[in-house]
Amino acid sequence: MDYSTQIAESLTKIKTSKPIVHHITNYVTMNDCANITLAIGASPIMAFDKNEVEEVVSFSSSLVLNIGTINQSIIEPMIIAGKKANSLNIPVILDPVGVGATKFRYSCVEQLINSIQFSIIKGNMSEIKSISGIKTSSKGIDSDTNNDGAEDILINLALKLKCIVCATGKVDLITDGNLIYACNNGHYNLSRITGTGCMTASLIGAFAAVSKDSLVSTLGGISSMGIAGQVSYRSLALNEGIGSFKVKLFDNIFNLTEEIIKKEVKIYEL
Amino acid sequence: MDYSTQIAESLTKIKTSKPIVHHITNYVTMNDCANITLAIGASPIMAFDKNEVEEVVSFSSSLVLNIGTINQSIIEPMIIAGKKANSLNIPVILDPVGVGATKFRYSCVEQLINSIQFSIIKGNMSEIKSISGIKTSSKGIDSDTNNDGAEDILINLALKLKCIVCATGKVDLITDGNLIYACNNGHYNLSRITGTGCMTASLIGAFAAVSKDSLVSTLGGISSMGIAGQVSYRSLALNEGIGSFKVKLFDNIFNLTEEIIKKEVKIYEL
Amino acid sequence: MDYSTQIAESLTKIKTSKPIVHHITNYVTMNDCANITLAIGASPIMAFDKNEVEEVVSFSSSLVLNIGTINQSIIEPMIIAGKKANSLNIPVILDPVGVGATKFRYSCVEQLINSIQFSIIKGNMSEIKSISGIKTSSKGIDSDTNNDGAEDILINLALKLKCIVCATGKVDLITDGNLIYACNNGHYNLSRITGTGCMTASLIGAFAAVSKDSLVSTLGGISSMGIAGQVSYRSLALNEGIGSFKVKLFDNIFNLTEEIIKKEVKIYEL
């Protein structure tokens, strides 16, 4: 069975079973992450007090950790939630937003990686390089376009951390430590609104909540956002911009079908 | 005077007097709550530091407490604000988001209910059942569709807590402890974006800010959101989804008039 | 060179250099501030943990401090970030949201002003009067329409704090302590969605990130938002309201060009 079929079938599973995706995420895009999770058919819960995260994990089907507005007080709840998820075999997804931007973020991600077994780590190329311990010319939280040696970095990181690693960019690269997959969906406009990266992690969380194959879940989340970006851009009128683009993004994730996925998905093995 | 007339007149009072609605609410839907409060014609203020909540309550006309992303540090300001509101006879509305989901949320709501005299408690059926001390099959923060015995639960809770109790669902039920009212406005799509429940509490807050009759305020907030949901759905194009639906929701609360309310409202006594 | 030309050229500089604008801002409008910063062509970063703000300031081109949901724990990071920005000659913009509403906010702003040299302070007339130590009839966080003596207040404050002072209102007033400028762009609808003030501060931050002339930066941010508001209102259909208006606002900031600025800008010396 090819990947587009597996992704398409997972989409239907999401819509049928409405799994709960627990997020401990940033304040900037929390609302967007909740709405994109609903749009694809899953059910979001945002809970981060250390007194309740274990219970919330227990009735959730996946856990998304995002460090976009990380602060001292949120690390402990993240670790508690992550460990609980590990103990229950619930997949945990890490979005290491801006990890290369400051020493503090780097040390937070170190703590998370040393405490939690992640199923999937998804960042832009700068962030993935940073986690690999490689110096990057990170400029804020934006993407690095220099992909030299990217494939080796991804494979080594996936093997080291025993998880799927995904680096988003003009072409998204995904590896399980064995093969490398490229996803060629997406549109430049996705980088011109805040939160598309965070929302992609939420979509991966929705797929991971219904599939045991983390590679398929990652490809599903990545390609869904990419497809919605392309379709949204196509229908944009001349006088419209990123305000309308963002509205259409939610519409097109909401209206995503097996047929659209099979028709639009552009995933290939490198 | 029937309820639709009282609601319609309250709407005009909101637009004329632009009352301040103080919110201590969750991070996920804070922006939406502020905008829906503005859309109906009132003025939102979001303030939660314990050093200022009493002053903010003093110049506000109602107070909305929402536990959607409750955490240890926000309980104390909520209680300080609620007590101040009680002392000034300012109506306090509770939205117990996900109260049945974790022991922590349950204990937070217990503290709030034991410290503050609420005028109105509005939740979905799972949440209302949970507050009533009844075991529910709560799945995350979503609504319970099992309404068996719902009417008795509502009436008993209203009598026990001496406040209006409202349980949202396919049909919304509202009681003052004496009679039960059903509101049959609304659309399924309202459950497919995040924050419509929270925004409904904000709308109730706006009505409560201009009316001494908490039953009318509850019916006003509930039916306004329901009507906006219906009207928004009707004008949705085939290629639109929850992104566009959410935009239209704000448009239709903004454009709500006495005439639309009188024409669309579906409230009846059970 | 007249101001519209300088603003227009700054806009192009923003789009070319994509400067990073560091925000320590409120939870209500954080997402909108990030998106408006992206819409004009700059790159937002929201970071507020005291362990990382100095590093974030170091790679940023301007810093925006907004007290909309101020709380005890955020004052220290604001002061650390502001001092660092001062030491690096990075412009700092203050948006003193609701400063007159509570003693706590007033004391927070006092601490900020006593610790940080601001380049630009932008508030509504109530807020500017409040900072000047003048009693205002502040009603929540909304604007005061009484402009008697406004020009003297602005000039005195600008001279005292050695910075640009801007008071928004029906007509926006801006001074460098020497001359007073009025900006007559804008539309009433801008006061009917939350966050347009905060977003204006973000736009000022984007201009300040590419220009050494804080007066031009302030005029640029103020007039950009005003123009986008006007253009958005013009294209609003009868059945649309503040939901659609907000979407169009992002579209029109995104589509802003030198030509539109030169054509629409209404700035004059008083």
# chains A, B, ... in the order shown; residues from 1 in each chain; ligands from 1
>>> interface_residues(of="chain A", to="chain B", cutoff="10 Å", atoms="only C-alpha atoms", output="CSV table (one decimal) with C-alpha atoms, in the first residue's frame")
chain,number,residue,atom,x,y,z
A,19,PRO,CA,-9.3,11.1,19.1
A,20,ILE,CA,-8.1,13.5,21.8
A,21,VAL,CA,-4.8,15.3,21.1
A,22,HIS,CA,-3.3,16.7,24.2
A,26,ASN,CA,2.8,28.1,23.2
A,27,TYR,CA,0.5,31.1,23.8
A,28,VAL,CA,0.9,32.6,20.4
A,29,THR,CA,-0.7,29.9,18.3
A,30,MET,CA,-2.7,27.9,20.9
A,31,ASN,CA,-6.1,28.9,19.4
A,32,ASP,CA,-5.0,28.0,15.8
A,33,CYS,CA,-3.7,24.6,17.0
A,34,ALA,CA,-7.0,23.9,18.7
A,35,ASN,CA,-8.9,24.9,15.6
A,36,ILE,CA,-6.8,23.0,13.1
A,37,THR,CA,-7.1,19.9,15.3
A,38,LEU,CA,-10.9,20.3,15.2
A,39,ALA,CA,-10.8,21.0,11.5
A,40,ILE,CA,-9.2,17.7,10.6
A,41,GLY,CA,-11.7,15.9,12.8
A,42,ALA,CA,-9.8,15.3,16.1
A,43,SER,CA,-10.5,16.8,19.5
A,44,PRO,CA,-7.9,19.1,21.1
A,45,ILE,CA,-7.2,19.6,24.8
A,46,MET,CA,-4.8,22.3,26.0
A,47,ALA,CA,-3.8,21.6,29.6
A,48,PHE,CA,-0.5,22.4,31.3
A,49,ASP,CA,-0.9,22.5,35.0
A,50,LYS,CA,1.3,19.9,36.6
A,51,ASN,CA,-1.6,18.8,38.8
A,52,GLU,CA,-3.6,17.6,35.9
A,53,VAL,CA,-1.4,16.7,32.9
A,54,GLU,CA,-1.0,13.0,33.8
A,55,GLU,CA,-4.8,12.5,34.0
A,56,VAL,CA,-5.2,14.4,30.7
A,59,PHE,CA,-7.5,9.8,28.2
A,60,SER,CA,-5.7,11.3,25.2
A,235,SER,CA,-8.3,30.3,-4.6
A,244,SER,CA,-7.9,35.4,3.8
A,245,PHE,CA,-5.2,32.8,3.2
A,246,LYS,CA,-5.4,31.8,6.9
A,247,VAL,CA,-9.2,31.5,6.8
A,248,LYS,CA,-9.0,29.3,3.7
A,249,LEU,CA,-6.4,27.1,5.4
A,250,PHE,CA,-8.8,26.1,8.1
A,251,ASP,CA,-11.5,25.7,5.4
A,252,ASN,CA,-9.3,23.4,3.3
A,253,ILE,CA,-8.2,21.2,6.2
A,254,PHE,CA,-11.9,21.0,7.2
A,255,ASN,CA,-12.8,20.0,3.7
>>> select_by_dssp(residues="stretch 65-101 of chain C", states="alpha helix (DSSP H)", output="PyMOL selection string")
chain C and resi 72-87
>>> residues_around(residues="B:Leu161", least_positions_apart="6", cutoff="12 Å", atoms="only C-alpha atoms", output="list in words")
Leu94, Glu110, Leu112, Ile113, Asn114, Ser115, Ile116, Gln117, Phe118, Ser119, Ile120, Ile121, Ile131, Ser132, Leu154, Ile155, Thr175, Asp176 and Gly177 of chain B
>>> select_by_dssp(residues="stretch 133-253 of chain C", states="strand (DSSP E)", output="list in words")
Ile164, Val165, Cys166, Ala167, Thr168, Asp172, Leu173, Ile174, Thr175, Ile180, Tyr181, Ala182 and Cys183 of chain C
>>> closest_residue(among="C:Gly100, C:Pro77, C:Gly197, C:Gly226", to="C:Ile260", atoms="only C-alpha atoms")
C:Gly226
>>> residues_around(residues="B:Val265", least_positions_apart="6", cutoff="12 Å", atoms="only C-alpha atoms", output="PyMOL selection string")
chain B and resi 2-8+182-186+219-228+230-231+256-259
>>> write_last_selection(atoms="N, CA and C atoms", output="compact mmCIF listing (two decimals), in the first residue's frame")
# COMPACT_ATOMS: atom_id res chain seq x y z
N ASP B 2 -42.74 38.77 26.46
CA ASP B 2 -42.11 37.47 26.24
C ASP B 2 -40.59 37.60 26.21
N TYR B 3 -39.91 36.45 26.22
CA TYR B 3 -38.46 36.48 26.36
C TYR B 3 -37.75 37.11 25.16
N SER B 4 -38.30 36.89 23.95
CA SER B 4 -37.61 37.44 22.79
C SER B 4 -37.59 38.96 22.84
N THR B 5 -38.66 39.54 23.34
CA THR B 5 -38.70 41.00 23.47
C THR B 5 -37.71 41.48 24.52
N GLN B 6 -37.67 40.77 25.65
CA GLN B 6 -36.73 41.17 26.71
C GLN B 6 -35.27 41.04 26.24
N ILE B 7 -34.98 39.98 25.50
CA ILE B 7 -33.63 39.80 24.97
C ILE B 7 -33.31 40.91 23.97
N ALA B 8 -34.27 41.18 23.10
CA ALA B 8 -34.06 42.20 22.08
C ALA B 8 -33.78 43.56 22.73
N ALA B 182 -36.07 25.58 27.13
CA ALA B 182 -35.21 24.98 26.11
C ALA B 182 -34.95 26.04 25.04
N CYS B 183 -33.73 26.08 24.57
CA CYS B 183 -33.41 26.98 23.46
C CYS B 183 -32.99 26.10 22.30
N ASN B 184 -33.69 26.26 21.21
CA ASN B 184 -33.47 25.37 20.07
C ASN B 184 -32.75 26.07 18.93
N ASN B 185 -32.04 27.14 19.24
CA ASN B 185 -31.20 27.79 18.23
C ASN B 185 -29.86 27.07 18.18
N GLY B 186 -29.04 27.42 17.22
CA GLY B 186 -27.70 26.82 17.16
C GLY B 186 -27.51 25.95 15.94
N LEU B 219 -30.62 33.41 28.66
CA LEU B 219 -31.36 33.14 27.42
C LEU B 219 -30.84 34.03 26.29
N GLY B 220 -30.49 35.26 26.62
CA GLY B 220 -29.97 36.20 25.61
C GLY B 220 -28.64 35.74 25.04
N GLY B 221 -27.72 35.38 25.90
CA GLY B 221 -26.40 34.96 25.43
C GLY B 221 -26.47 33.67 24.63
N ILE B 222 -27.22 32.72 25.16
CA ILE B 222 -27.36 31.41 24.51
C ILE B 222 -28.01 31.54 23.14
N SER B 223 -29.10 32.31 23.07
CA SER B 223 -29.82 32.38 21.81
C SER B 223 -29.07 33.23 20.79
N SER B 224 -28.36 34.25 21.25
CA SER B 224 -27.58 35.09 20.32
C SER B 224 -26.55 34.24 19.59
N MET B 225 -25.79 33.45 20.36
CA MET B 225 -24.78 32.60 19.74
C MET B 225 -25.45 31.59 18.80
N GLY B 226 -26.57 31.03 19.24
CA GLY B 226 -27.27 30.05 18.41
C GLY B 226 -27.74 30.65 17.10
N ILE B 227 -28.32 31.83 17.20
CA ILE B 227 -28.82 32.50 15.99
C ILE B 227 -27.66 32.82 15.05
N ALA B 228 -26.59 33.36 15.60
CA ALA B 228 -25.42 33.69 14.75
C ALA B 228 -24.88 32.43 14.09
N GLN B 230 -26.62 29.71 13.24
CA GLN B 230 -27.53 29.31 12.16
C GLN B 230 -27.38 30.19 10.93
N VAL B 231 -27.39 31.50 11.17
CA VAL B 231 -27.30 32.45 10.06
C VAL B 231 -25.96 32.27 9.35
N LEU B 256 -26.26 41.60 14.61
CA LEU B 256 -27.50 41.18 15.28
C LEU B 256 -28.36 42.40 15.61
N THR B 257 -29.65 42.27 15.36
CA THR B 257 -30.57 43.37 15.67
C THR B 257 -31.77 42.83 16.46
N GLU B 258 -32.53 43.75 17.00
CA GLU B 258 -33.76 43.35 17.70
C GLU B 258 -34.67 42.53 16.77
N GLU B 259 -34.73 42.94 15.51
CA GLU B 259 -35.60 42.27 14.55
C GLU B 259 -35.16 40.82 14.33
>>> residues_around(residues="B:Leu270", least_positions_apart="6", cutoff="10 Å", atoms="only C-alpha atoms", output="JSON list (two decimals) with N, CA and C atoms, in the first residue's frame")
[["chain", "number", "residue", "atom", "x", "y", "z"],
["B", 151, "GLU", "N", -33.19, 17.26, 33.28],
["B", 151, "GLU", "CA", -34.00, 18.34, 33.85],
["B", 151, "GLU", "C", -33.92, 18.37, 35.37],
["B", 173, "LEU", "N", -30.57, 23.73, 27.62],
["B", 173, "LEU", "CA", -31.56, 23.76, 28.70],
["B", 173, "LEU", "C", -31.14, 24.80, 29.74],
["B", 174, "ILE", "N", -32.11, 25.57, 30.20],
["B", 174, "ILE", "CA", -31.81, 26.64, 31.15],
["B", 174, "ILE", "C", -32.87, 26.61, 32.25],
["B", 179, "LEU", "N", -38.74, 26.83, 36.66],
["B", 179, "LEU", "CA", -39.12, 26.34, 35.33],
["B", 179, "LEU", "C", -37.89, 25.96, 34.52],
["B", 180, "ILE", "N", -38.11, 25.12, 33.52],
["B", 180, "ILE", "CA", -37.02, 24.77, 32.60],
["B", 180, "ILE", "C", -37.36, 25.33, 31.23],
["B", 181, "TYR", "N", -36.37, 25.99, 30.65],
["B", 181, "TYR", "CA", -36.53, 26.53, 29.30],
["B", 181, "TYR", "C", -35.59, 25.80, 28.35],
["B", 182, "ALA", "N", -36.07, 25.58, 27.13],
["B", 182, "ALA", "CA", -35.21, 24.98, 26.11],
["B", 182, "ALA", "C", -34.95, 26.04, 25.04]]
>>> decode(residues="stretch 144-171 of chain A", atoms="N, CA and C atoms", output="PDB file, in the first residue's frame")
ATOM      1  N   ASP A 144      16.067  27.820   7.947  1.00  0.00           N
ATOM      2  CA  ASP A 144      17.383  27.849   7.309  1.00  0.00           C
ATOM      3  C   ASP A 144      17.206  27.228   5.924  1.00  0.00           C
ATOM      4  N   THR A 145      17.700  27.862   4.901  1.00  0.00           N
ATOM      5  CA  THR A 145      17.473  27.304   3.565  1.00  0.00           C
ATOM      6  C   THR A 145      18.670  26.507   3.059  1.00  0.00           C
ATOM      7  N   ASN A 146      19.715  26.476   3.865  1.00  0.00           N
ATOM      8  CA  ASN A 146      20.902  25.709   3.481  1.00  0.00           C
ATOM      9  C   ASN A 146      20.728  24.244   3.869  1.00  0.00           C
ATOM     10  N   ASN A 147      20.528  23.399   2.885  1.00  0.00           N
ATOM     11  CA  ASN A 147      20.228  22.006   3.165  1.00  0.00           C
ATOM     12  C   ASN A 147      21.410  21.062   2.947  1.00  0.00           C
ATOM     13  N   ASP A 148      22.625  21.621   2.793  1.00  0.00           N
ATOM     14  CA  ASP A 148      23.792  20.764   2.569  1.00  0.00           C
ATOM     15  C   ASP A 148      23.940  19.739   3.679  1.00  0.00           C
ATOM     16  N   GLY A 149      24.064  18.516   3.286  1.00  0.00           N
ATOM     17  CA  GLY A 149      24.272  17.466   4.280  1.00  0.00           C
ATOM     18  C   GLY A 149      23.061  17.174   5.118  1.00  0.00           C
ATOM     19  N   ALA A 150      21.916  17.743   4.730  1.00  0.00           N
ATOM     20  CA  ALA A 150      20.711  17.623   5.538  1.00  0.00           C
ATOM     21  C   ALA A 150      20.320  16.165   5.744  1.00  0.00           C
ATOM     22  N   GLU A 151      20.445  15.389   4.688  1.00  0.00           N
ATOM     23  CA  GLU A 151      19.976  14.005   4.785  1.00  0.00           C
ATOM     24  C   GLU A 151      20.742  13.211   5.842  1.00  0.00           C
ATOM     25  N   ASP A 152      22.056  13.402   5.881  1.00  0.00           N
ATOM     26  CA  ASP A 152      22.863  12.705   6.896  1.00  0.00           C
ATOM     27  C   ASP A 152      22.477  13.137   8.311  1.00  0.00           C
ATOM     28  N   ILE A 153      22.303  14.446   8.452  1.00  0.00           N
ATOM     29  CA  ILE A 153      21.925  14.971   9.771  1.00  0.00           C
ATOM     30  C   ILE A 153      20.623  14.332  10.249  1.00  0.00           C
ATOM     31  N   LEU A 154      19.639  14.279   9.362  1.00  0.00           N
ATOM     32  CA  LEU A 154      18.347  13.712   9.728  1.00  0.00           C
ATOM     33  C   LEU A 154      18.459  12.236  10.101  1.00  0.00           C
ATOM     34  N   ILE A 155      19.156  11.494   9.266  1.00  0.00           N
ATOM     35  CA  ILE A 155      19.276  10.040   9.529  1.00  0.00           C
ATOM     36  C   ILE A 155      20.003   9.792  10.849  1.00  0.00           C
ATOM     37  N   ASN A 156      21.097  10.533  11.072  1.00  0.00           N
ATOM     38  CA  ASN A 156      21.843  10.342  12.316  1.00  0.00           C
ATOM     39  C   ASN A 156      21.000  10.692  13.542  1.00  0.00           C
ATOM     40  N   LEU A 157      20.241  11.788  13.440  1.00  0.00           N
ATOM     41  CA  LEU A 157      19.411  12.193  14.572  1.00  0.00           C
ATOM     42  C   LEU A 157      18.309  11.160  14.837  1.00  0.00           C
ATOM     43  N   ALA A 158      17.713  10.661  13.756  1.00  0.00           N
ATOM     44  CA  ALA A 158      16.647   9.656  13.899  1.00  0.00           C
ATOM     45  C   ALA A 158      17.182   8.387  14.556  1.00  0.00           C
ATOM     46  N   LEU A 159      18.395   8.000  14.175  1.00  0.00           N
ATOM     47  CA  LEU A 159      18.996   6.797  14.769  1.00  0.00           C
ATOM     48  C   LEU A 159      19.350   7.037  16.232  1.00  0.00           C
ATOM     49  N   LYS A 160      19.915   8.243  16.505  1.00  0.00           N
ATOM     50  CA  LYS A 160      20.326   8.563  17.875  1.00  0.00           C
ATOM     51  C   LYS A 160      19.129   8.618  18.822  1.00  0.00           C
ATOM     52  N   LEU A 161      18.045   9.273  18.357  1.00  0.00           N
ATOM     53  CA  LEU A 161      16.896   9.476  19.249  1.00  0.00           C
ATOM     54  C   LEU A 161      15.806   8.424  19.052  1.00  0.00           C
ATOM     55  N   LYS A 162      16.045   7.506  18.128  1.00  0.00           N
ATOM     56  CA  LYS A 162      15.094   6.408  17.876  1.00  0.00           C
ATOM     57  C   LYS A 162      13.691   6.936  17.606  1.00  0.00           C
ATOM     58  N   CYS A 163      13.616   7.904  16.710  1.00  0.00           N
ATOM     59  CA  CYS A 163      12.300   8.449  16.383  1.00  0.00           C
ATOM     60  C   CYS A 163      12.291   8.957  14.941  1.00  0.00           C
ATOM     61  N   ILE A 164      11.104   9.265  14.468  1.00  0.00           N
ATOM     62  CA  ILE A 164      10.981   9.904  13.156  1.00  0.00           C
ATOM     63  C   ILE A 164      11.487  11.336  13.290  1.00  0.00           C
ATOM     64  N   VAL A 165      12.283  11.780  12.322  1.00  0.00           N
ATOM     65  CA  VAL A 165      12.723  13.170  12.313  1.00  0.00           C
ATOM     66  C   VAL A 165      12.246  13.823  11.021  1.00  0.00           C
ATOM     67  N   CYS A 166      11.674  15.011  11.171  1.00  0.00           N
ATOM     68  CA  CYS A 166      11.135  15.723  10.009  1.00  0.00           C
ATOM     69  C   CYS A 166      11.649  17.153  10.014  1.00  0.00           C
ATOM     70  N   ALA A 167      12.249  17.556   8.896  1.00  0.00           N
ATOM     71  CA  ALA A 167      12.722  18.937   8.749  1.00  0.00           C
ATOM     72  C   ALA A 167      11.906  19.609   7.653  1.00  0.00           C
ATOM     73  N   THR A 168      11.151  20.631   8.054  1.00  0.00           N
ATOM     74  CA  THR A 168      10.329  21.328   7.065  1.00  0.00           C
ATOM     75  C   THR A 168      11.146  22.386   6.341  1.00  0.00           C
ATOM     76  N   GLY A 169      10.726  22.724   5.145  1.00  0.00           N
ATOM     77  CA  GLY A 169      11.417  23.713   4.330  1.00  0.00           C
ATOM     78  C   GLY A 169      10.735  23.777   2.975  1.00  0.00           C
ATOM     79  N   LYS A 170      11.433  24.299   1.991  1.00  0.00           N
ATOM     80  CA  LYS A 170      10.844  24.359   0.632  1.00  0.00           C
ATOM     81  C   LYS A 170      10.368  22.953   0.245  1.00  0.00           C
ATOM     82  N   VAL A 171      11.239  21.991   0.463  1.00  0.00           N
ATOM     83  CA  VAL A 171      10.819  20.586   0.404  1.00  0.00           C
ATOM     84  C   VAL A 171      10.971  20.034   1.817  1.00  0.00           C
TER      85      VAL A 171
END
